[in-house]
Every structure is written in C-alpha cells, then in structure tokens.
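Colleague: Mind looking over this structure? Questions follow.
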Amino acid sequence: MTDLRPGRLTAAAKKFLMWDPNPALFGITIPCPVPVSMGLEQAQHLINALMDNHESLRSRYSYGMEATCLIEPASGGEIDTARIDVRTVDIENLDHNLLPQLMEEETAKSNLRLDPPSGKLVTAALLTRSTDVNILLLTIHHIAIDGVAMWVMWDDVATYVRQWEAGETIALAPEQTTGSDWAAFLDEYALTRAADVDYWVGASDSEPNIETRPAAPESAFLDGVIEGAVAERLLDELPTALDCSYTRILLVALGLAIEDVTGVARPVQVQKHGRYSRLRPGTDLGRTVAWLSDDYPWLVRPVAGSHSDRMRDAIATYPENPEDFTLLFWHHPESWSRLIEFNFPKFYFNFLGDVGVWIPGAHSREQARLTVFDLSMFLGASQNDGVRRVHYSVHSPTGGIGIDRVKEIVAQWLSIIGTVEVA
C-alpha cells in the first residue's frame with residue numbers, strides 16, 4: 001500500500017521486536033460480554049471501529065534489529081474481511097463446565113492467526129447462544145497493547161455495545177496521544193536527559209548472564225492470593241505508615257525476601273506501564289493504546305537491621321526517576337554501547353493494576369516466555385463483592401531455581417508483608 005506512513009516504536013516494542021525468539025505468537029485475549037443479538041457482521045463492525053480508533057491496531061510491524069512500524073489509514077467504515085478476522089462458535093448446547101476449556105482452545109487458535117508484519121493485530125472468536133449473552137473473545141497482539149491499554153479496549157467495547165443497542169451513532173472516545181507520537185517525543189526527550197549511566201550499570205546483577213540452563217530443576221508455577229487481614233494491612237496500614245504505595249511495598253518486600261533467602265542482595269527487573277505524562281505537561285496518555293511498558297533494574301541496598309529498617313531504607317533510597325533506564329537504553333543512542341552489555345537481573349516484578357476477575361493460570365502461562373528470569377512474578381488487585389485481594393502468579397523456568405526455592409522466597413515475602421513492624 002502506498003498510503004502507509006512510518007511510525008515510531010516505543011521502548012517495549014523495540015525490545016520485543018528485536019529480541020523475542022517468537023514474536024508472532026503473543027496475543028492478549030479479553031473476554032467481552034456482548035448481546036446475543038450481535039452476530040458475525042456486527043462483531044466485524046465492532047472490531048473495525050476499534051482498529052479505526054487506535055492506530056496501533058492497524059499498523060504493520062517488522063522483526064529484528066531493524067524493526068519498523070508502518071501505520072495504515074483508517075478504513076472509513078469499510079470491512080476488510082482479510083484483516084477483520086472473526087469466527088463464530090456455537091455454544092448453545094455446551095455444558096457450562098466446559099466453557100473455560102473451550103475459551104482456552106479458541107484463544108490458542110486466535111493467537112495462531114495473528115500476523116504483525118501483515119497488519120493482522122486483532123483476531124476474535126464470537127461464542128454465540130440464544131440466551132444470556134454472547135462472548136467475544138478479543139485477541140490483540142501484545143505489540144499493540146499493554147496491561148493498561150487492555151482496559152481501554154474493554155471500555156471501547158462496552159461503549160460500542162451500549163451505543164449499538166440504543167441505535168445511536170457509534171462515537172468512541174479518541175486517543176489524545178498515540179503510541180507513535182509518544183515514542184517520537186521520548187526519542188527527542190532522551191537526548192536532553194542528563195541521567196547517570198554509571199548508576200544503572202551499578203544495578204547490574206551479581207550473577208553471570210544466562211546463556212544455557214541445565215535440564216533441571218523443572219519449570220515451576222505458583223499462584224496465590226493475599227486477602228483478609230494481611231490484604232487490609234498491605235492496602236491500608238502499611239502505605240499510611242511508610243508513606244508509599246502498596247505496590248512499592250510489594251516490590252520492596254520481594255527484594256528483601258530474595259536477599260534473605262539467597263544470602264545476597266539481588267536486583268529485580270521492575271516492569272512499569274510507561275505512562276510518564278509528567279515528562280511533557282499537558283500530555284494525556286489515559287487512552288493511549290500501545291505497548292508503553294518500560295522496565296528498569298532496582299537493587300536493594302544491603303542494610304543491617306530489622307525488616308522495618310531495611311524496608312524504610314529501600315523506600316527512601318528508591319530512584320527518583322526510574323524511567324531514566326529505559327530512556328537511556330532504548331531512546332538514547334549514545335548510551336547503547338554501555339548498556340548493551342548490561343547484566344540483567346534474574347528476578348522480575350510486574351504489577352498489572354486492577355485486574356478485576358483474576359485467572360491465575362492464564363498469567364502463569366504468559367510468564368513461560370520469560371525464560372531469562374529465574375523467578376518472575378505477575379500481580380494484580382481485584383475487588384469483588386466488596387472484598388479486596390491482591391493476586392500473584394510466580395513462575396520459574398526449566399533450569400531456574402525450582403519450586404522449593406520459589407516457595408521459600410514467596411513464603412518469606414508474605415511473612416515480611418504480614419509482620420514487618422511499622423510503629
């Protein structure tokens with residue numbers, strides 16, 4: 001197509017497209033309830049509206065060290081069935097107990113139909129029946145959305161359905177800043193950032209880079225929930241006493257637990273969602289659909305004393321501008337030569353936000369891609385029926401640290417959260 005225009009890649013997109021060994025297969029599936037009256041044609045129009053509203057969903061991405069992004073124009077309402085890939089699955093007579101398995105199978109099929117180089121970033125399966133609701137399993141390649149953009153998609157689907165049922169003109173709230181626009185700003189902004197590369201080099205892992213792993217120990221998964229009195233303490237008491245967010249407390253407690261169990265302070269690779277609108281006052285990233293995540297290494301200082309003393313020190317000395325690492329690594333060419341040799345941490349922490357209904361197994365499977373980490377942890381919060389919970393999903397790959405060490409670190413992490421003195 002001659003009307004493709006070049007876009008700019010965010011740091012997360014660059015990292016993924018350059019380094020991931022299997023970039024084609026990485027979909028995020030969002031189960032969306034839609035009316036039973038919504039059939040195949042209307043589902044196609046819904047997805048087309050999403051793609052028209054967000055340029056990341058109608059872009060083409062190449063792989064490798066010269067990865068690029070090309071943005072297609074909006075469709076003008078015309079359905080291109082080669083790209084608007086929706087299939088229907090009749091679940092009228094399906095045993096409801098088999099629905100989760102069917103959703104998992106259809107999600108796997110949708111993932112296989114993604115093709116970022118051709119611009120096929122969205123696929124879907126419409127599960128149909130005559131009562132209750134249909135279910136639109138919306139699968140979007142991760143290169144186009146992240147954990148925050150996922151909820152923008154959810155909101156857009158809900159808005160479309162509401163307007164469609166009411167017979168109104170479809171009018172989805174637009175993006176104020178696109179992912180490509182934000183990436184272009186960061187490329188320029190990084191050149192003016194007088195960050196200290198030596199600081200980040202000093203946060204390198206003490207263990208050697210992993211090239212190969214032995215066959216043992218076996219891959220390990222551990223899913224759990226923080227709830228009840230410990231959750232109330234984590235969400236209310238500790239943030240007030242320590243003057244920081246509960247997500248920071250979760251991270252710091254993990255850093256302390258790793259040090260306790262391994263006997264040495266080990267850095268943690270922290271995954272954030274990259275929406276630092278404060279870097280350009282007036283920027284609205286609230287509806288930006290792109291992979292804006294960034295990550296940086298955080299190394300707890302080895303400090304003598306109680307868990308309370310160590311936690312307070314870690315909070316007080318936490319880097320003020322952690323996004324500097326991503327800016328220097330991916331948006332500042334002059335820093336590349338030093339940071340390309342960086343010895344990345346083997347522990348990983350990713351708080352996904354308020355996730356609503358948590359499906360632990362799904363998040364564990366997502367982590368199976370993170371083979372460079374001895375231990376990776378995904379977390380999210382939910383509130384159902386007035387009960388607040390923090391869910392966590394932990395993975396260690398084959399050749400990692402094994403289930404026994406995973407359990408030991410997680411147990412110490414939970415113990416610190418539940419018992420650290422803050423008076």
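Following the order of the structure tokens, first chain is A, next is B, and so on, with residues numbered from 1 inside each chain and ligands from 1 in the order they appear.
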Identify all residues of stretch 311-354 of chain A in strand (DSSP E) (DSSP on the backbone) and supply them as a list in words.
Modeller: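 Put together, the selection reads Phe347, Tyr348, Phe349, Asn350, Phe351, Leu352, Gly353 and Asp354 of chain A.
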Colleague: A:Arg58: which residues within 8 Å, counting only C-alpha atoms, same-chain residues fewer than 2 positions away excluded, as a ChimeraX atom specification?
Modeller: /A:51-52,54-56,60,71-74,119-121
Colleague: Would you list the contacts of stretch 317-323 of chain A as a ChimeraX atom specification, taking every protein, DNA or RNA residue within 9 Å and counting only C-alpha atoms, but skipping same-chain residues closer than 5 positions in sequence?
Modeller: /A:272,274,276,294-301,312,328
Colleague: Could you give me, as an mmCIF file with all heavy atoms, in the first residue's frame, the residues within 8 Å of A:Ala231, counting only C-alpha atoms and dropping anything in the same chain fewer than 3 positions from it?
Modeller:
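Okay, this is what ended up in result_1.cif:
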```cif
data_model
loop_
_atom_site.group_PDB
_atom_site.id
_atom_site.type_symbol
_atom_site.label_atom_id
_atom_site.label_comp_id
_atom_site.auth_asym_id
_atom_site.auth_seq_id
_atom_site.Cartn_x
_atom_site.Cartn_y
_atom_site.Cartn_z
ATOM 1 N N ILE A 226 -3.410 -12.739 48.254
ATOM 2 C CA ILE A 226 -3.293 -12.066 49.550
ATOM 3 C C ILE A 226 -4.661 -11.494 49.872
ATOM 4 O O ILE A 226 -5.191 -10.669 49.112
ATOM 5 C CB ILE A 226 -2.238 -10.938 49.492
ATOM 6 C CG1 ILE A 226 -0.868 -11.497 49.112
ATOM 7 C CG2 ILE A 226 -2.164 -10.212 50.832
ATOM 8 C CD1 ILE A 226 0.181 -10.416 48.882
ATOM 9 N N GLU A 227 -5.248 -11.937 50.949
ATOM 10 C CA GLU A 227 -6.592 -11.482 51.294
ATOM 11 C C GLU A 227 -6.740 -11.414 52.804
ATOM 12 O O GLU A 227 -5.797 -11.675 53.554
ATOM 13 C CB GLU A 227 -7.636 -12.424 50.686
ATOM 14 C CG GLU A 227 -7.470 -13.879 51.071
ATOM 15 C CD GLU A 227 -8.397 -14.789 50.272
ATOM 16 O OE1 GLU A 227 -9.350 -14.282 49.658
ATOM 17 O OE2 GLU A 227 -8.173 -16.009 50.281
ATOM 18 N N GLY A 228 -7.919 -11.030 53.246
ATOM 19 C CA GLY A 228 -8.192 -10.966 54.670
ATOM 20 C C GLY A 228 -7.393 -9.887 55.371
ATOM 21 O O GLY A 228 -7.126 -8.813 54.828
ATOM 22 N N LEU A 234 -1.746 -4.609 54.030
ATOM 23 C CA LEU A 234 -0.969 -4.205 52.860
ATOM 24 C C LEU A 234 -1.576 -2.983 52.179
ATOM 25 O O LEU A 234 -0.861 -2.057 51.777
ATOM 26 C CB LEU A 234 -0.906 -5.372 51.864
ATOM 27 C CG LEU A 234 -0.360 -5.053 50.468
ATOM 28 C CD1 LEU A 234 1.103 -4.663 50.528
ATOM 29 C CD2 LEU A 234 -0.557 -6.245 49.544
ATOM 30 N N LEU A 235 -2.890 -2.955 52.042
ATOM 31 C CA LEU A 235 -3.550 -1.918 51.260
ATOM 32 C C LEU A 235 -3.789 -0.635 52.037
ATOM 33 O O LEU A 235 -3.904 0.439 51.437
ATOM 34 C CB LEU A 235 -4.880 -2.453 50.716
ATOM 35 C CG LEU A 235 -4.769 -3.654 49.765
ATOM 36 C CD1 LEU A 235 -6.141 -4.225 49.463
ATOM 37 C CD2 LEU A 235 -4.054 -3.271 48.485
ATOM 38 N N ARG A 388 -11.389 -7.008 48.948
ATOM 39 C CA ARG A 388 -10.189 -6.630 48.224
ATOM 40 C C ARG A 388 -9.129 -7.721 48.334
ATOM 41 O O ARG A 388 -8.901 -8.269 49.411
ATOM 42 C CB ARG A 388 -9.643 -5.311 48.765
ATOM 43 C CG ARG A 388 -10.582 -4.132 48.547
ATOM 44 C CD ARG A 388 -9.943 -2.833 48.980
ATOM 45 N NE ARG A 388 -9.661 -2.811 50.405
ATOM 46 C CZ ARG A 388 -8.920 -1.882 51.004
ATOM 47 N NH1 ARG A 388 -8.362 -0.916 50.297
ATOM 48 N NH2 ARG A 388 -8.728 -1.914 52.305
ATOM 49 N N ARG A 389 -8.507 -7.980 47.206
ATOM 50 C CA ARG A 389 -7.483 -9.022 47.153
ATOM 51 C C ARG A 389 -6.327 -8.564 46.277
ATOM 52 O O ARG A 389 -6.503 -7.738 45.386
ATOM 53 C CB ARG A 389 -8.051 -10.327 46.578
ATOM 54 C CG ARG A 389 -9.203 -10.942 47.361
ATOM 55 C CD ARG A 389 -9.678 -12.220 46.676
ATOM 56 N NE ARG A 389 -10.703 -12.902 47.440
ATOM 57 C CZ ARG A 389 -12.004 -12.682 47.295
ATOM 58 N NH1 ARG A 389 -12.428 -11.791 46.407
ATOM 59 N NH2 ARG A 389 -12.872 -13.353 48.022
ATOM 60 N N VAL A 390 -5.155 -9.120 46.538
ATOM 61 C CA VAL A 390 -4.021 -8.979 45.625
ATOM 62 C C VAL A 390 -3.640 -10.383 45.181
ATOM 63 O O VAL A 390 -3.357 -11.254 46.004
ATOM 64 C CB VAL A 390 -2.824 -8.279 46.301
ATOM 65 C CG1 VAL A 390 -1.613 -8.303 45.374
ATOM 66 C CG2 VAL A 390 -3.181 -6.845 46.661
#
```
Colleague: Using only C-alpha atoms, find each residue in stretch 308-409 of chain A having at least one atom no more than 7 Å away from stretch 193-214 of chain A; report its shortest atom-to-atom pair and that distance in Å (one decimal), rows by chain then rising number, as a Markdown table.
Modeller:
```
| residue | atom | partner | partner_atom | distance |
| --- | --- | --- | --- | --- |
| A:Asp324 | CA | A:Ala195 | CA | 6.4 |
| A:Phe325 | CA | A:Trp200 | CA | 6.8 |
| A:Phe342 | CA | A:Ser204 | CA | 6.3 |
| A:Asn343 | CA | A:Ser204 | CA | 5.1 |
| A:Phe344 | CA | A:Asp205 | CA | 5.8 |
| A:Pro345 | CA | A:Asp205 | CA | 4.9 |
| A:Val372 | CA | A:Ile210 | CA | 6.9 |
| A:Gly399 | CA | A:Arg213 | CA | 5.0 |
```
Colleague: Show me, as a list of chain:residue names, the residues that have an atom within 12 Å of A:Gly39 when counting only C-alpha atoms, minus same-chain residues fewer than 3 positions from it.
Modeller: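 These residues fall inside the cut-off: A:Val34, A:Pro35, A:Val36, A:Gln42, A:Ala43, A:Gln44, A:His45, A:Leu46, A:Val86, A:Arg87, A:Thr88, A:Val89, A:Asp90, A:Ala125, A:Leu126, A:Leu127, A:Thr128, A:Arg129, A:Ser130, A:Val133, A:Asn134, A:Ile135, A:Leu136.
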Colleague: Give the helix (DSSP H, G or I) residues of stretch 64-204 of chain A, as DSSP finds them on the backbone, and put them as an mmCIF file with N, CA and C atoms, in the first residue's frame.
Modeller:
```
data_model
loop_
_atom_site.group_PDB
_atom_site.id
_atom_site.type_symbol
_atom_site.label_atom_id
_atom_site.label_comp_id
_atom_site.auth_asym_id
_atom_site.auth_seq_id
_atom_site.Cartn_x
_atom_site.Cartn_y
_atom_site.Cartn_z
ATOM 1 N N HIS A 96 -21.858 -25.894 30.614
ATOM 2 C CA HIS A 96 -21.192 -24.686 31.121
ATOM 3 C C HIS A 96 -19.866 -25.002 31.802
ATOM 4 N N ASN A 97 -19.713 -26.210 32.294
ATOM 5 C CA ASN A 97 -18.440 -26.584 32.924
ATOM 6 C C ASN A 97 -17.301 -26.690 31.910
ATOM 7 N N LEU A 98 -17.674 -26.841 30.640
ATOM 8 C CA LEU A 98 -16.655 -26.974 29.602
ATOM 9 C C LEU A 98 -16.303 -25.635 28.961
ATOM 10 N N LEU A 99 -17.001 -24.567 29.361
ATOM 11 C CA LEU A 99 -16.762 -23.264 28.744
ATOM 12 C C LEU A 99 -15.327 -22.764 28.938
ATOM 13 N N PRO A 100 -14.753 -22.849 30.149
ATOM 14 C CA PRO A 100 -13.361 -22.378 30.297
ATOM 15 C C PRO A 100 -12.385 -23.096 29.368
ATOM 16 N N GLN A 101 -12.566 -24.403 29.207
ATOM 17 C CA GLN A 101 -11.672 -25.153 28.322
ATOM 18 C C GLN A 101 -11.851 -24.704 26.876
ATOM 19 N N LEU A 102 -13.120 -24.494 26.454
ATOM 20 C CA LEU A 102 -13.374 -24.045 25.099
ATOM 21 C C LEU A 102 -12.758 -22.667 24.859
ATOM 22 N N MET A 103 -12.907 -21.760 25.832
ATOM 23 C CA MET A 103 -12.332 -20.422 25.691
ATOM 24 C C MET A 103 -10.822 -20.500 25.544
ATOM 25 N N GLU A 104 -10.209 -21.401 26.288
ATOM 26 C CA GLU A 104 -8.759 -21.560 26.199
ATOM 27 C C GLU A 104 -8.358 -22.079 24.821
ATOM 28 N N GLU A 105 -9.123 -23.041 24.307
ATOM 29 C CA GLU A 105 -8.820 -23.603 22.986
ATOM 30 C C GLU A 105 -8.986 -22.555 21.890
ATOM 31 N N GLU A 106 -10.070 -21.772 21.970
ATOM 32 C CA GLU A 106 -10.311 -20.754 20.949
ATOM 33 C C GLU A 106 -9.291 -19.618 21.039
ATOM 34 N N THR A 107 -8.860 -19.309 22.258
ATOM 35 C CA THR A 107 -7.813 -18.301 22.432
ATOM 36 C C THR A 107 -6.520 -18.746 21.751
ATOM 37 N N ALA A 108 -6.180 -20.027 21.907
ATOM 38 C CA ALA A 108 -4.972 -20.563 21.261
ATOM 39 C C ALA A 108 -5.084 -20.470 19.744
ATOM 40 N N LYS A 109 -6.268 -20.750 19.209
ATOM 41 C CA LYS A 109 -6.473 -20.649 17.761
ATOM 42 C C LYS A 109 -6.319 -19.205 17.293
ATOM 43 N N SER A 110 -6.897 -18.281 18.058
ATOM 44 C CA SER A 110 -6.797 -16.862 17.689
ATOM 45 C C SER A 110 -5.356 -16.395 17.691
ATOM 46 N N ASN A 111 -4.593 -16.866 18.665
ATOM 47 C CA ASN A 111 -3.184 -16.478 18.767
ATOM 48 C C ASN A 111 -2.407 -16.900 17.513
ATOM 49 N N LEU A 112 -2.746 -18.085 16.985
ATOM 50 C CA LEU A 112 -2.052 -18.596 15.809
ATOM 51 C C LEU A 112 -2.393 -17.810 14.543
ATOM 52 N N PRO A 116 1.647 -9.843 12.747
ATOM 53 C CA PRO A 116 2.017 -8.421 12.795
ATOM 54 C C PRO A 116 2.616 -7.862 11.512
ATOM 55 N N PRO A 117 3.475 -8.588 10.760
ATOM 56 C CA PRO A 117 4.025 -7.991 9.540
ATOM 57 C C PRO A 117 2.969 -7.628 8.501
ATOM 58 N N SER A 118 1.859 -8.370 8.470
ATOM 59 C CA SER A 118 0.809 -8.054 7.503
ATOM 60 C C SER A 118 -0.239 -7.114 8.073
ATOM 61 N N ALA A 149 -3.646 -0.510 28.315
ATOM 62 C CA ALA A 149 -4.436 -0.387 27.087
ATOM 63 C C ALA A 149 -5.524 -1.450 27.017
ATOM 64 N N MET A 150 -5.297 -2.586 27.664
ATOM 65 C CA MET A 150 -6.304 -3.641 27.681
ATOM 66 C C MET A 150 -7.637 -3.116 28.225
ATOM 67 N N TRP A 151 -7.561 -2.252 29.230
ATOM 68 C CA TRP A 151 -8.788 -1.731 29.829
ATOM 69 C C TRP A 151 -9.383 -0.610 28.992
ATOM 70 N N VAL A 152 -8.584 0.055 28.178
ATOM 71 C CA VAL A 152 -9.131 0.991 27.190
ATOM 72 C C VAL A 152 -9.959 0.208 26.173
ATOM 73 N N MET A 153 -9.450 -0.946 25.760
ATOM 74 C CA MET A 153 -10.187 -1.804 24.840
ATOM 75 C C MET A 153 -11.512 -2.249 25.440
ATOM 76 N N TRP A 154 -11.468 -2.658 26.689
ATOM 77 C CA TRP A 154 -12.684 -3.092 27.390
ATOM 78 C C TRP A 154 -13.708 -1.963 27.400
ATOM 79 N N ASP A 155 -13.276 -0.768 27.697
ATOM 80 C CA ASP A 155 -14.171 0.389 27.732
ATOM 81 C C ASP A 155 -14.728 0.698 26.351
ATOM 82 N N ASP A 156 -13.897 0.587 25.317
ATOM 83 C CA ASP A 156 -14.366 0.848 23.964
ATOM 84 C C ASP A 156 -15.425 -0.173 23.535
ATOM 85 N N VAL A 157 -15.198 -1.434 23.867
ATOM 86 C CA VAL A 157 -16.193 -2.460 23.528
ATOM 87 C C VAL A 157 -17.514 -2.171 24.240
ATOM 88 N N ALA A 158 -17.444 -1.852 25.535
ATOM 89 C CA ALA A 158 -18.657 -1.562 26.298
ATOM 90 C C ALA A 158 -19.385 -0.341 25.725
ATOM 91 N N THR A 159 -18.635 0.690 25.342
ATOM 92 C CA THR A 159 -19.235 1.890 24.755
ATOM 93 C C THR A 159 -19.899 1.569 23.421
ATOM 94 N N TYR A 160 -19.212 0.814 22.580
ATOM 95 C CA TYR A 160 -19.763 0.428 21.280
ATOM 96 C C TYR A 160 -21.069 -0.337 21.482
ATOM 97 N N VAL A 161 -21.052 -1.325 22.365
ATOM 98 C CA VAL A 161 -22.245 -2.147 22.593
ATOM 99 C C VAL A 161 -23.408 -1.288 23.081
ATOM 100 N N ARG A 162 -23.122 -0.395 23.999
ATOM 101 C CA ARG A 162 -24.186 0.469 24.528
ATOM 102 C C ARG A 162 -24.778 1.354 23.433
ATOM 103 N N GLN A 163 -23.932 1.938 22.618
ATOM 104 C CA GLN A 163 -24.413 2.809 21.544
ATOM 105 C C GLN A 163 -25.141 1.999 20.475
ATOM 106 N N TRP A 164 -24.623 0.832 20.158
ATOM 107 C CA TRP A 164 -25.246 -0.023 19.141
ATOM 108 C C TRP A 164 -26.630 -0.486 19.583
ATOM 109 N N GLU A 165 -26.758 -0.914 20.828
ATOM 110 C CA GLU A 165 -28.070 -1.369 21.325
ATOM 111 C C GLU A 165 -29.081 -0.232 21.349
ATOM 112 N N GLY A 179 0.615 5.986 20.541
ATOM 113 C CA GLY A 179 1.871 5.389 20.954
ATOM 114 C C GLY A 179 3.039 5.872 20.113
ATOM 115 N N SER A 180 2.820 6.021 18.810
ATOM 116 C CA SER A 180 3.888 6.500 17.924
ATOM 117 C C SER A 180 4.276 7.942 18.244
ATOM 118 N N ASP A 181 3.273 8.771 18.535
ATOM 119 C CA ASP A 181 3.565 10.164 18.903
ATOM 120 C C ASP A 181 4.396 10.226 20.182
ATOM 121 N N TRP A 182 4.022 9.408 21.160
ATOM 122 C CA TRP A 182 4.733 9.414 22.436
ATOM 123 C C TRP A 182 6.162 8.900 22.263
ATOM 124 N N ALA A 183 6.330 7.871 21.430
ATOM 125 C CA ALA A 183 7.671 7.344 21.176
ATOM 126 C C ALA A 183 8.548 8.392 20.512
ATOM 127 N N ALA A 184 7.968 9.167 19.596
ATOM 128 C CA ALA A 184 8.735 10.225 18.937
ATOM 129 C C ALA A 184 9.186 11.276 19.942
ATOM 130 N N PHE A 185 8.292 11.618 20.880
ATOM 131 C CA PHE A 185 8.677 12.578 21.919
ATOM 132 C C PHE A 185 9.816 12.024 22.775
ATOM 133 N N LEU A 186 9.719 10.752 23.181
ATOM 134 C CA LEU A 186 10.753 10.167 24.047
ATOM 135 C C LEU A 186 12.102 10.098 23.336
ATOM 136 N N ASP A 187 12.092 9.829 22.029
ATOM 137 C CA ASP A 187 13.352 9.820 21.279
ATOM 138 C C ASP A 187 14.054 11.176 21.382
ATOM 139 N N GLU A 188 13.285 12.246 21.322
ATOM 140 C CA GLU A 188 13.866 13.587 21.415
ATOM 141 C C GLU A 188 14.200 13.944 22.863
ATOM 142 N N TYR A 189 13.308 13.584 23.761
ATOM 143 C CA TYR A 189 13.493 13.952 25.171
ATOM 144 C C TYR A 189 14.726 13.275 25.775
ATOM 145 N N ALA A 190 14.977 12.027 25.389
ATOM 146 C CA ALA A 190 16.113 11.292 25.951
ATOM 147 C C ALA A 190 17.433 11.987 25.677
ATOM 148 N N VAL A 197 24.487 7.075 33.757
ATOM 149 C CA VAL A 197 24.567 5.703 33.274
ATOM 150 C C VAL A 197 25.270 4.812 34.294
ATOM 151 N N ASP A 198 26.274 5.362 34.989
ATOM 152 C CA ASP A 198 27.010 4.560 35.967
ATOM 153 C C ASP A 198 26.091 4.016 37.058
ATOM 154 N N TYR A 199 25.067 4.788 37.430
ATOM 155 C CA TYR A 199 24.133 4.317 38.451
ATOM 156 C C TYR A 199 23.465 3.030 37.990
ATOM 157 N N TRP A 200 23.026 3.012 36.744
ATOM 158 C CA TRP A 200 22.307 1.829 36.256
ATOM 159 C C TRP A 200 23.247 0.663 36.030
ATOM 160 N N VAL A 201 24.468 0.945 35.594
ATOM 161 C CA VAL A 201 25.438 -0.140 35.462
ATOM 162 C C VAL A 201 25.690 -0.778 36.829
#
```
Colleague: Env of stretch 307-311 of chain A: 9 Å cut, atoms = only C-alpha atoms, seq-sep filter 6 positions within chain, self excluded. Answer as a list in words.
Modeller: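 Listing them by chain and then by number gives Leu242, Ile249, Val252, Ala253, Leu256, Val300, Arg301, Ile416, Thr419, Val420, Glu421 and Val422 of chain A.
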Colleague: Print the selection's residues with all heavy atoms to a file, as a JSON list (two decimals), in the first residue's frame.
Modeller:
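Listed below is the output, part_6.json:
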```json
[["chain", "number", "residue", "atom", "x", "y", "z"],
["A", 242, "LEU", "N", 4.27, 3.96, 55.93],
["A", 242, "LEU", "CA", 5.53, 4.08, 55.20],
["A", 242, "LEU", "C", 5.49, 5.16, 54.13],
["A", 242, "LEU", "O", 6.50, 5.41, 53.47],
["A", 242, "LEU", "CB", 5.86, 2.73, 54.55],
["A", 242, "LEU", "CG", 6.11, 1.58, 55.53],
["A", 242, "LEU", "CD1", 6.19, 0.25, 54.79],
["A", 242, "LEU", "CD2", 7.37, 1.82, 56.34],
["A", 249, "ILE", "N", 5.51, -1.37, 48.27],
["A", 249, "ILE", "CA", 5.72, -2.26, 49.41],
["A", 249, "ILE", "C", 5.85, -3.70, 48.94],
["A", 249, "ILE", "O", 6.72, -4.45, 49.42],
["A", 249, "ILE", "CB", 4.58, -2.09, 50.42],
["A", 249, "ILE", "CG1", 4.64, -0.70, 51.05],
["A", 249, "ILE", "CG2", 4.63, -3.18, 51.50],
["A", 249, "ILE", "CD1", 3.39, -0.30, 51.81],
["A", 252, "VAL", "N", 9.39, -3.96, 47.37],
["A", 252, "VAL", "CA", 10.48, -3.90, 48.34],
["A", 252, "VAL", "C", 10.51, -5.17, 49.18],
["A", 252, "VAL", "O", 11.58, -5.73, 49.46],
["A", 252, "VAL", "CB", 10.33, -2.65, 49.23],
["A", 252, "VAL", "CG1", 11.28, -2.71, 50.41],
["A", 252, "VAL", "CG2", 10.59, -1.38, 48.41],
["A", 253, "ALA", "N", 9.34, -5.65, 49.58],
["A", 253, "ALA", "CA", 9.28, -6.88, 50.36],
["A", 253, "ALA", "C", 9.85, -8.05, 49.56],
["A", 253, "ALA", "O", 10.53, -8.93, 50.12],
["A", 253, "ALA", "CB", 7.85, -7.17, 50.79],
["A", 256, "LEU", "N", 13.65, -7.77, 49.63],
["A", 256, "LEU", "CA", 14.18, -8.22, 50.94],
["A", 256, "LEU", "C", 14.10, -9.73, 51.07],
["A", 256, "LEU", "O", 15.02, -10.36, 51.61],
["A", 256, "LEU", "CB", 13.39, -7.55, 52.06],
["A", 256, "LEU", "CG", 13.47, -6.01, 52.15],
["A", 256, "LEU", "CD1", 12.64, -5.52, 53.33],
["A", 256, "LEU", "CD2", 14.92, -5.55, 52.28],
["A", 300, "VAL", "N", 18.14, -3.49, 45.88],
["A", 300, "VAL", "CA", 18.02, -3.13, 47.29],
["A", 300, "VAL", "C", 19.41, -3.03, 47.89],
["A", 300, "VAL", "O", 20.29, -3.85, 47.61],
["A", 300, "VAL", "CB", 17.15, -4.17, 48.04],
["A", 300, "VAL", "CG1", 17.78, -5.54, 48.01],
["A", 300, "VAL", "CG2", 16.89, -3.72, 49.47],
["A", 301, "ARG", "N", 19.65, -2.00, 48.70],
["A", 301, "ARG", "CA", 20.95, -1.87, 49.36],
["A", 301, "ARG", "C", 21.02, -2.85, 50.53],
["A", 301, "ARG", "O", 20.09, -2.95, 51.31],
["A", 301, "ARG", "CB", 21.13, -0.45, 49.90],
["A", 301, "ARG", "CG", 21.14, 0.62, 48.84],
["A", 301, "ARG", "CD", 21.72, 1.91, 49.38],
["A", 301, "ARG", "NE", 21.18, 2.31, 50.68],
["A", 301, "ARG", "CZ", 21.64, 3.32, 51.41],
["A", 301, "ARG", "NH1", 22.66, 4.03, 50.96],
["A", 301, "ARG", "NH2", 21.10, 3.63, 52.57],
["A", 416, "ILE", "N", 7.09, -11.08, 55.45],
["A", 416, "ILE", "CA", 7.52, -9.69, 55.64],
["A", 416, "ILE", "C", 6.32, -8.76, 55.57],
["A", 416, "ILE", "O", 6.16, -7.85, 56.40],
["A", 416, "ILE", "CB", 8.58, -9.31, 54.59],
["A", 416, "ILE", "CG1", 9.87, -10.09, 54.86],
["A", 416, "ILE", "CG2", 8.86, -7.80, 54.60],
["A", 416, "ILE", "CD1", 10.91, -9.96, 53.74],
["A", 419, "THR", "N", 4.21, -9.15, 58.81],
["A", 419, "THR", "CA", 4.76, -8.98, 60.16],
["A", 419, "THR", "C", 5.67, -7.78, 60.33],
["A", 419, "THR", "O", 6.00, -7.43, 61.48],
["A", 419, "THR", "CB", 5.56, -10.24, 60.55],
["A", 419, "THR", "OG1", 6.69, -10.39, 59.68],
["A", 419, "THR", "CG2", 4.69, -11.48, 60.49],
["A", 420, "VAL", "N", 6.08, -7.12, 59.25],
["A", 420, "VAL", "CA", 7.05, -6.02, 59.40],
["A", 420, "VAL", "C", 6.51, -4.95, 60.35],
["A", 420, "VAL", "O", 5.35, -4.54, 60.24],
["A", 420, "VAL", "CB", 7.40, -5.41, 58.02],
["A", 420, "VAL", "CG1", 6.17, -4.83, 57.32],
["A", 420, "VAL", "CG2", 8.49, -4.37, 58.16],
["A", 421, "GLU", "N", 7.34, -4.53, 61.26],
["A", 421, "GLU", "CA", 6.92, -3.53, 62.25],
["A", 421, "GLU", "C", 7.02, -2.12, 61.64],
["A", 421, "GLU", "O", 8.03, -1.78, 61.02],
["A", 421, "GLU", "CB", 7.83, -3.59, 63.50],
["A", 421, "GLU", "CG", 7.70, -4.91, 64.27],
["A", 421, "GLU", "CD", 6.35, -5.05, 64.95],
["A", 421, "GLU", "OE1", 5.71, -4.01, 65.21],
["A", 421, "GLU", "OE2", 5.93, -6.19, 65.20],
["A", 422, "VAL", "N", 5.97, -1.34, 61.79],
["A", 422, "VAL", "CA", 5.97, -0.01, 61.22],
["A", 422, "VAL", "C", 5.65, 1.08, 62.23],
["A", 422, "VAL", "O", 5.56, 2.25, 61.89],
["A", 422, "VAL", "CB", 4.94, 0.07, 60.05],
["A", 422, "VAL", "CG1", 5.40, -0.78, 58.89],
["A", 422, "VAL", "CG2", 3.55, -0.33, 60.52]]
```
Colleague: Figure out the distance between atom CA of A:Thr398 and atom CA of A:Phe221, please, to one decimal in Å.
Modeller: 10.7 Å
Colleague: Report the distance between atom CA of A:Val261 and atom CA of A:Asp243 in Å, rounded to one decimal place.
Modeller: 26.6 Å
Colleague: What is the atom CA of A:Asn48 to atom CA of A:Ala144 distance in Å?
Modeller: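 Straight-line distance from atom CA of A:Asn48 to atom CA of A:Ala144 works out to 15.0 Å.
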